[in-house]
Each structure stands twice: as structure tokens, then as C-alpha cells.
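my_file.tsv follows (TSV, C-alpha atoms):
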```
chain	number	residue	atom	x	y	z
A	1	MET	CA	8.76	138.66	-88.80
A	2	THR	CA	7.59	137.24	-92.05
A	3	ARG	CA	7.08	133.53	-92.23
A	4	ARG	CA	7.14	131.33	-95.24
A	5	ALA	CA	5.95	127.83	-95.82
A	6	PRO	CA	8.41	125.28	-94.43
A	7	CYS	CA	10.72	123.50	-96.84
A	8	THR	CA	9.27	120.37	-98.34
A	9	SER	CA	10.61	117.37	-96.53
A	10	PHE	CA	12.42	114.51	-98.13
A	11	ALA	CA	10.38	112.86	-100.81
A	12	ALA	CA	13.04	110.41	-101.89
A	13	THR	CA	12.93	108.24	-98.78
A	14	ALA	CA	11.48	105.36	-100.82
A	15	LEU	CA	15.04	104.81	-101.94
A	16	SER	CA	16.14	104.20	-98.40
A	17	MET	CA	14.66	100.68	-98.52
A	18	ALA	CA	17.52	99.46	-100.66
A	19	GLY	CA	20.33	100.10	-98.18
A	20	THR	CA	23.36	101.69	-99.74
A	21	ILE	CA	23.66	102.38	-103.44
A	22	ILE	CA	26.81	103.76	-105.04
A	23	GLU	CA	25.55	104.84	-108.45
A	24	ALA	CA	27.61	105.21	-111.60
A	25	GLY	CA	29.41	108.53	-111.46
A	26	LEU	CA	30.00	108.42	-107.71
A	27	SER	CA	33.40	107.49	-106.44
A	28	VAL	CA	34.17	106.72	-102.82
A	29	GLU	CA	37.74	106.78	-101.60
A	30	GLY	CA	38.04	105.32	-98.15
A	31	GLU	CA	36.38	102.79	-95.98
A	32	ILE	CA	32.76	101.70	-96.10
A	33	THR	CA	31.46	99.74	-93.13
A	34	SER	CA	27.86	98.65	-93.22
A	35	GLU	CA	25.23	96.34	-91.82
A	36	GLU	CA	22.94	96.48	-94.83
A	37	GLU	CA	22.88	95.62	-98.48
A	38	ILE	CA	25.27	97.51	-100.72
A	39	VAL	CA	25.00	97.91	-104.48
A	40	VAL	CA	27.94	99.39	-106.36
A	41	HIS	CA	27.50	100.77	-109.86
A	42	GLY	CA	30.16	103.41	-109.31
A	43	GLU	CA	33.66	103.32	-107.92
A	44	VAL	CA	34.99	102.34	-104.52
A	45	ARG	CA	38.64	102.51	-103.50
A	46	GLY	CA	39.83	101.43	-100.10
A	47	LYS	CA	37.87	98.97	-98.06
A	48	LEU	CA	34.34	97.66	-98.33
A	49	GLU	CA	32.71	95.73	-95.51
A	50	THR	CA	29.13	94.72	-94.93
A	51	THR	CA	27.44	92.03	-92.89
A	52	ASP	CA	24.77	91.81	-95.61
A	53	ALA	CA	24.86	91.22	-99.36
A	54	LEU	CA	27.08	93.14	-101.72
A	55	SER	CA	26.66	93.33	-105.46
A	56	VAL	CA	28.93	95.02	-107.95
A	57	GLY	CA	27.04	95.99	-111.09
A	58	ALA	CA	28.41	95.83	-114.63
A	59	SER	CA	29.59	99.44	-114.44
A	60	GLY	CA	30.92	99.03	-110.91
A	61	ASN	CA	34.62	99.23	-110.18
A	62	VAL	CA	35.86	98.20	-106.77
A	63	GLU	CA	39.52	98.49	-105.87
A	64	ALA	CA	39.31	97.36	-102.32
A	65	ASP	CA	39.44	94.48	-99.94
A	66	VAL	CA	35.88	93.27	-99.70
A	67	SER	CA	33.95	91.32	-97.13
A	68	ALA	CA	30.25	90.53	-97.21
A	69	SER	CA	27.78	87.74	-96.57
A	70	THR	CA	27.06	87.13	-100.24
A	71	LEU	CA	28.92	88.77	-103.07
A	72	ALA	CA	27.73	89.07	-106.67
A	73	ILE	CA	30.21	90.48	-109.17
A	74	ALA	CA	29.19	91.64	-112.62
A	75	GLY	CA	31.74	94.44	-112.80
A	76	ARG	CA	35.36	94.77	-111.79
A	77	VAL	CA	36.78	93.92	-108.42
A	78	THR	CA	40.47	94.25	-107.62
A	79	GLY	CA	41.37	93.09	-104.14
A	80	ASP	CA	40.95	90.24	-101.76
A	81	VAL	CA	37.41	89.04	-101.29
A	82	ALA	CA	35.79	87.25	-98.36
A	83	ALA	CA	32.17	86.17	-98.15
A	84	THR	CA	30.62	84.22	-95.29
A	85	GLU	CA	28.06	82.58	-97.59
A	86	ARG	CA	28.88	82.72	-101.28
A	87	VAL	CA	30.58	84.48	-104.15
A	88	ASP	CA	29.00	84.61	-107.60
A	89	LEU	CA	31.25	85.85	-110.36
A	90	GLN	CA	28.82	86.62	-113.16
A	91	ALA	CA	29.34	86.78	-116.92
A	92	GLY	CA	31.28	89.93	-117.75
A	93	GLY	CA	32.54	90.12	-114.19
A	94	ARG	CA	36.23	90.52	-113.54
A	95	LEU	CA	37.92	89.58	-110.29
A	96	LEU	CA	41.60	90.05	-109.54
A	97	GLY	CA	42.37	88.84	-106.06
A	98	ASP	CA	42.06	86.00	-103.63
A	99	VAL	CA	38.70	84.59	-102.69
A	100	LYS	CA	37.77	83.14	-99.33
A	101	THR	CA	34.24	81.75	-99.18
A	102	ALA	CA	32.24	78.58	-98.64
A	103	ARG	CA	30.64	78.54	-102.10
A	104	LEU	CA	31.93	79.99	-105.30
A	105	THR	CA	30.44	80.10	-108.78
A	106	ILE	CA	32.21	81.46	-111.82
A	107	ALA	CA	30.03	82.05	-114.86
A	108	ASP	CA	31.13	81.48	-118.43
A	109	GLY	CA	32.53	84.78	-119.67
A	110	ALA	CA	33.84	85.93	-116.33
A	111	THR	CA	37.49	86.76	-115.72
A	112	PHE	CA	39.24	85.61	-112.58
A	113	LYS	CA	42.81	85.63	-111.41
A	114	GLY	CA	43.67	84.69	-107.87
A	115	ASN	CA	43.58	81.99	-105.26
A	116	VAL	CA	40.50	80.32	-103.90
A	117	ASP	CA	40.09	79.22	-100.30
A	118	MET	CA	36.93	77.19	-99.73
A	119	ASP	CA	37.76	75.83	-96.30
A	120	ALA	CA	35.16	75.48	-93.57
B	1	MET	CA	22.35	110.97	-116.39
B	2	ALA	CA	23.64	109.44	-113.22
B	3	GLY	CA	21.10	108.20	-110.71
B	4	ALA	CA	20.74	108.84	-107.05
B	5	SER	CA	23.27	107.22	-104.78
B	6	VAL	CA	22.27	106.34	-101.27
B	7	ILE	CA	24.33	105.87	-98.14
B	8	GLY	CA	21.98	103.77	-96.04
B	9	PRO	CA	21.19	104.24	-92.36
B	10	ALA	CA	23.38	101.33	-91.24
B	11	THR	CA	26.39	102.40	-93.29
B	12	VAL	CA	29.49	104.31	-92.25
B	13	VAL	CA	31.84	105.81	-94.83
B	14	ARG	CA	35.28	106.96	-93.74
B	15	GLY	CA	36.66	108.78	-96.72
B	16	ASN	CA	35.69	111.09	-99.50
B	17	LEU	CA	32.74	110.82	-101.86
B	18	ARG	CA	32.95	112.57	-105.17
B	19	GLY	CA	30.95	112.38	-108.33
B	20	GLU	CA	28.07	113.24	-110.59
B	21	GLY	CA	24.41	112.98	-109.85
B	22	SER	CA	22.63	113.20	-106.56
B	23	LEU	CA	23.32	111.64	-103.20
B	24	GLU	CA	21.08	110.82	-100.30
B	25	VAL	CA	22.73	110.21	-96.95
B	26	LEU	CA	20.86	108.39	-94.21
B	27	GLY	CA	23.92	107.03	-92.47
B	28	ARG	CA	27.24	108.40	-91.41
B	29	ILE	CA	30.08	109.96	-93.39
B	30	GLU	CA	33.45	110.94	-91.99
B	31	GLY	CA	34.94	112.75	-94.93
B	32	ASN	CA	34.15	115.24	-97.62
B	33	VAL	CA	31.31	115.01	-100.09
B	34	ALA	CA	31.48	116.71	-103.48
B	35	MET	CA	28.60	116.07	-105.89
B	36	THR	CA	27.42	117.83	-109.03
B	37	GLY	CA	23.77	117.20	-108.20
B	38	GLU	CA	21.51	117.44	-105.23
B	39	VAL	CA	22.68	116.25	-101.82
B	40	LEU	CA	20.14	115.22	-99.20
B	41	LEU	CA	21.33	114.71	-95.66
B	42	ALA	CA	18.29	113.07	-94.14
B	43	ALA	CA	17.15	113.06	-90.53
B	44	GLY	CA	19.35	110.69	-88.57
B	45	SER	CA	22.34	111.19	-90.84
B	46	ASN	CA	25.67	112.40	-89.52
B	47	VAL	CA	28.35	114.00	-91.66
B	48	ARG	CA	31.74	115.12	-90.39
B	49	GLY	CA	33.26	116.90	-93.31
B	50	ASN	CA	32.56	119.48	-95.96
B	51	VAL	CA	29.71	119.00	-98.36
B	52	SER	CA	29.23	120.57	-101.78
B	53	GLY	CA	26.51	120.09	-104.36
B	54	SER	CA	24.06	121.96	-106.54
B	55	GLN	CA	21.44	121.99	-103.84
B	56	ILE	CA	22.00	120.72	-100.32
B	57	ARG	CA	19.12	119.86	-98.04
B	58	VAL	CA	19.92	119.04	-94.45
B	59	ALA	CA	17.75	117.46	-91.77
B	60	GLY	CA	20.56	115.62	-90.01
B	61	GLU	CA	23.74	116.48	-88.19
B	62	VAL	CA	26.67	118.13	-89.94
B	63	ASP	CA	30.06	119.14	-88.58
B	64	GLY	CA	31.56	120.93	-91.55
B	65	ASP	CA	30.94	123.52	-94.21
B	66	LEU	CA	28.09	123.32	-96.71
B	67	ALA	CA	28.52	124.89	-100.15
B	68	GLY	CA	25.62	124.79	-102.59
B	69	ALA	CA	25.97	126.03	-106.17
B	70	GLU	CA	22.24	126.80	-106.10
B	71	ALA	CA	20.98	126.54	-102.55
B	72	VAL	CA	21.46	125.26	-99.05
B	73	LEU	CA	18.24	124.44	-97.23
B	74	VAL	CA	18.36	123.59	-93.56
B	75	GLU	CA	15.27	121.77	-92.39
B	76	LYS	CA	13.68	121.27	-89.00
B	77	GLY	CA	15.70	118.96	-86.78
B	78	ALA	CA	18.98	119.70	-88.50
B	79	SER	CA	22.05	120.56	-86.45
B	80	ILE	CA	24.94	122.19	-88.26
B	81	THR	CA	28.30	123.38	-87.01
B	82	GLY	CA	29.97	125.08	-89.91
B	83	GLU	CA	29.64	127.61	-92.65
B	84	LEU	CA	26.71	127.77	-95.07
B	85	VAL	CA	27.52	129.23	-98.48
B	86	ALA	CA	25.07	129.39	-101.38
B	87	PRO	CA	23.20	131.91	-103.52
B	88	ARG	CA	20.10	130.90	-101.58
B	89	VAL	CA	20.20	129.82	-97.97
B	90	GLY	CA	17.08	128.72	-96.14
B	91	ILE	CA	16.92	127.89	-92.46
B	92	THR	CA	13.69	126.47	-91.12
B	93	PRO	CA	12.56	127.13	-87.54
B	94	GLY	CA	13.64	124.21	-85.40
B	95	ALA	CA	17.04	123.95	-87.04
B	96	ILE	CA	20.24	124.68	-85.17
B	97	VAL	CA	23.08	126.42	-86.98
B	98	ARG	CA	26.39	127.43	-85.45
B	99	GLY	CA	28.55	129.20	-87.96
B	100	ALA	CA	28.67	131.84	-90.59
B	101	VAL	CA	26.04	132.08	-93.29
B	102	ARG	CA	26.87	133.59	-96.66
B	103	ALA	CA	23.99	133.97	-99.05
B	104	ASP	CA	25.32	135.82	-102.06
B	105	GLY	CA	22.15	135.60	-104.08
B	106	GLU	CA	19.03	137.68	-104.26
B	107	THR	CA	16.86	135.88	-101.74
B	108	LEU	CA	17.99	135.61	-98.18
B	109	GLU	CA	15.74	133.72	-95.82
B	110	LEU	CA	16.87	133.30	-92.29
B	111	GLY	CA	15.00	131.89	-89.33
B	112	PHE	CA	16.58	134.05	-86.72
B	113	ARG	CA	14.31	132.50	-84.17
B	114	ALA	CA	15.98	129.18	-84.77
B	115	MET	CA	19.29	130.62	-83.72
B	116	ALA	CA	17.93	132.71	-80.90
B	117	SER	CA	16.36	129.67	-79.31
B	118	ALA	CA	19.75	128.00	-79.14
B	119	GLY	CA	21.01	130.75	-76.85
B	120	GLY	CA	18.10	130.39	-74.47
B	121	ALA	CA	16.34	133.06	-72.48
B	122	PRO	CA	18.44	135.38	-70.34
B	123	ALA	CA	18.98	134.13	-66.82
B	124	PRO	CA	16.40	135.53	-64.43
B	125	GLU	CA	17.56	138.05	-61.86
B	126	PRO	CA	18.17	136.19	-58.62
B	127	ARG	CA	16.96	138.90	-56.32
B	128	GLY	CA	13.53	140.20	-55.85
B	129	LEU	CA	14.56	143.77	-56.34
B	130	PRO	CA	12.24	145.81	-58.39
B	131	GLU	CA	14.01	146.07	-61.70
B	132	PRO	CA	14.13	149.26	-63.60
B	133	ARG	CA	12.17	148.86	-66.80
B	134	ARG	CA	14.17	146.52	-68.94
B	135	SER	CA	11.76	144.25	-70.65
B	136	LEU	CA	13.91	144.34	-73.75
B	137	ASP	CA	17.13	143.11	-72.25
B	138	LEU	CA	18.01	140.45	-74.83
B	139	GLY	CA	21.02	142.38	-75.98
B	140	ARG	CA	22.38	142.88	-72.52
B	141	PRO	CA	25.10	140.48	-71.42
B	142	LYS	CA	23.71	137.60	-69.41
B	143	ALA	CA	23.61	137.97	-65.64
B	144	PRO	CA	26.13	135.64	-64.12
B	145	GLU	CA	24.66	132.56	-62.50
B	146	GLY	CA	24.56	132.08	-58.77
B	147	GLY	CA	23.54	135.57	-57.78
B	148	ASP	CA	26.85	136.47	-56.12
B	149	ALA	CA	27.59	138.64	-59.01
B	150	PRO	CA	30.07	141.45	-59.13
B	151	ARG	CA	26.98	143.48	-58.90
B	152	PRO	CA	27.50	146.31	-56.39
B	153	ALA	CA	25.52	146.16	-53.18
B	154	LEU	CA	22.50	148.36	-53.00
B	155	SER	CA	24.19	150.85	-50.68
B	156	GLU	CA	27.09	151.28	-53.06
B	157	ARG	CA	24.92	151.82	-56.02
B	158	LYS	CA	24.26	155.37	-56.90
B	159	PRO	CA	20.62	156.19	-57.02
B	160	PRO	CA	19.40	157.20	-60.39
B	161	ALA	CA	19.34	160.86	-61.10
B	162	PRO	CA	16.27	162.46	-59.61
B	163	VAL	CA	13.44	162.74	-62.03
B	164	VAL	CA	12.13	165.78	-60.29
B	165	PRO	CA	12.24	168.56	-62.80
B	166	VAL	CA	14.24	171.50	-61.67
B	167	PRO	CA	12.75	174.20	-63.75
B	168	ARG	CA	14.56	177.37	-64.19
B	169	LYS	CA	13.23	180.38	-62.51
B	170	GLY	CA	11.94	181.86	-65.64
B	171	ALA	CA	10.02	178.75	-66.58
B	172	ARG	CA	8.48	178.40	-63.17
B	173	GLY	CA	7.40	181.93	-63.23
B	174	ARG	CA	5.72	181.38	-66.53
B	175	LYS	CA	4.03	178.11	-65.60
B	176	ARG	CA	2.57	179.12	-62.29
B	177	PRO	CA	-0.37	181.01	-63.54
B	178	SER	CA	-1.53	178.24	-65.86
B	179	ARG	CA	-1.42	175.59	-63.08
B	180	ALA	CA	-3.19	177.73	-60.61
B	181	ARG	CA	-6.05	178.16	-62.98
B	182	PRO	CA	-9.25	176.97	-61.23
```

Can the structure from this file be put into C-alpha cells for me?
Amino acid sequence: MTRRAPCTSFAATALSMAGTIIEAGLSVEGEITSEEEIVVHGEVRGKLETTDALSVGASGNVEADVSASTLAIAGRVTGDVAATERVDLQAGGRLLGDVKTARLTIADGATFKGNVDMDA
Amino acid sequence: MAGASVIGPATVVRGNLRGEGSLEVLGRIEGNVAMTGEVLLAAGSNVRGNVSGSQIRVAGEVDGDLAGAEAVLVEKGASITGELVAPRVGITPGAIVRGAVRADGETLELGFRAMASAGGAPAPEPRGLPEPRRSLDLGRPKAPEGGDAPRPALSERKPPAPVVPVPRKGARGRKRPSRARP
């Protein structure tokens, strides 16, 4: 039997440090449940849950109910949002939905429509 | 050009992923994946669903079909239950594949040993009977376990045809003189 050199193993594991990254061009339809940081530059429809930080980049588009520890929004989020620590709606960010969090900042230039619940 | 998306090791996706660029999966996906670029299913990943991409490299667990526009490469430690379809299919020794493989391209590389090892060695014969020469019995159906096989008892078994040559008269007559030569 002829043998050949084994396939090269994964070289891109350096990326794995950053948790989950949904890049622009990728769209996820369904439910994401995670215990690590998530960065969304692409599209997510459904449900998005993490016990760690979540950031939605300028090109990101999330149509989902979202829960995270801290949430930074520079793109579009449509859906109800809950963060155990804080929500930062950055300039250019667009949030349509209710917010439940302890701390909320809304930058100049951001768009927001919804209710805020800052109990607890 | 879209960058590389990553599904981290502590992330579970229930649903479909579709898009441009490449994808690296370290976590778990219950759904289909369709990418235009490279798809890496790293060691420790678990995908239940079909995966398509330009090139798919697998070192994790997959329960579903893999379709690569260019190649499907199955690395050591991978465990796949499903079909592999690509112009080039590579299976490294140490990988487990259960399913059909269709490599329509010019190069076909298969680690048959990887698959053979999954079946295991044939069960040893339970009795100490001297076996007729069958060192190459891999193709033979496995002996049933336990030893109480529907194997006929020795007395019932017909002895093999005698090996003693029964030469015809003419032959014997011709051979005699040569054997008797001093």
C-alpha cells in the first residue's frame, strides 16, 4: 500500500482564542447558545445567548432575542435584549426592541426604539 | 473578501449556517452548513447536519454528508457517519468513516486501513482444532461468538477429499521406472 504524507493539521487555531466570530457574509438561522465571547459582523436570525460578552459590529445584523453579560451594538439589532451587566449602543448602532439591563449607554448617533428596564 | 468565521468550542448552534468565506468550527452545530469557502471542523467539534464548502477538512465528529467543491480531507481523529462527495477525497489513517465515498476527480486517496481497523480483527476460533490453512480469512464471514456455533460436530463433518493421488494405470506404469532408479 502506498502511503503519503499526512494532511497538514489545522493552522488557523490562533483564531480560536476569540471565541465565536460570525463574519460578514455568514448568516446563521437558528439558535446560538454559548459560554464564550461572540462577535457578529454577519447575520443572525433566531436566538442568541451567551454568558459572556456579545458585540455586534457595524456590518452585523441580528434579528433575534439576545442575552449576554455585556452587549455592545454598533450594527443593527431587532429583538428584545437582556444583559446581566451592561448594554452599550454605539454611534451608528440601531436597536429595535426592549432592553433589560443594569446599565445602559446610548451614544450620540445611535438609533433606539423600545422600552428600557433598568431594575435591580 | 469575507473573513473567517469561527464557532468557538463553548458554542452550540441549532440551525443553519450559510454564507461566503471560510468557517472554522470548534464547537457544536446541529444543522446544515453551506459555505463558499473552506470549512474546518476541528478536533473536538461536533456537527449533526450536512456540510458543503470549497474544501472541507475534518478532525472532529460529523453525523451528516460532506460535499466539497474541491476536496474533502478527513484527518486523524475524525469520526464521520455520512457520505463524502468531492473531486478529491483524502482519508488519513486514524480516521473513522462510515458511509459512501464518491471521489469524482482524478486523484483518489483512501486509507483503507482506517476503515478496516473499525471492523476489528476476525474473532479467534474458540476450539483448539488444527485449522486448515486459512491465514487469509479476512473476507470470510466472522465466526459467531460463544463457540456454540452452528458449526457441525467433527463426526458430522466430511473429511476433506483424500490428497492421495490416484494415478491412472497408464501413468503409474510410466512413472515406476523413473522412481525405481537407484

Fewer than 3 positions away in the same chain doesn't count, so skip those; otherwise give me all residues within 7 Å of range 56-62 of chain B, counting only C-alpha atoms, as number ranges by chain. B: 38-48, 53, 68, 71-81

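CA of Asn115 in chain A sits 9.3 Å away from CA of Asp80 in chain A.
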
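Nearest residue to Arg45 in chain A among A:Ile32, A:Leu95, A:Val62, A:Met118 is A:Val62, counting all atoms listed in the file.
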
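With the cut-off set to 7 Å and only C-alpha atoms counted, chain B residues close to chain A are Ala2, Gly3, Ala4, Ser5, Val6, Ile7, Gly8, Ala10, Thr11, Val12, Val13, Arg14, Gly15, Asn16, Leu17, Arg18, Gly19, Glu20, Gly21, Glu75 and Thr92 of chain B.
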
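Of the residues under consideration (A:Asp117, A:Thr84, A:Lys100, A:Gly79), A:Gly79 shows the shortest atom-to-atom contact distance to Ala64 in chain A when counting all atoms listed in the file.
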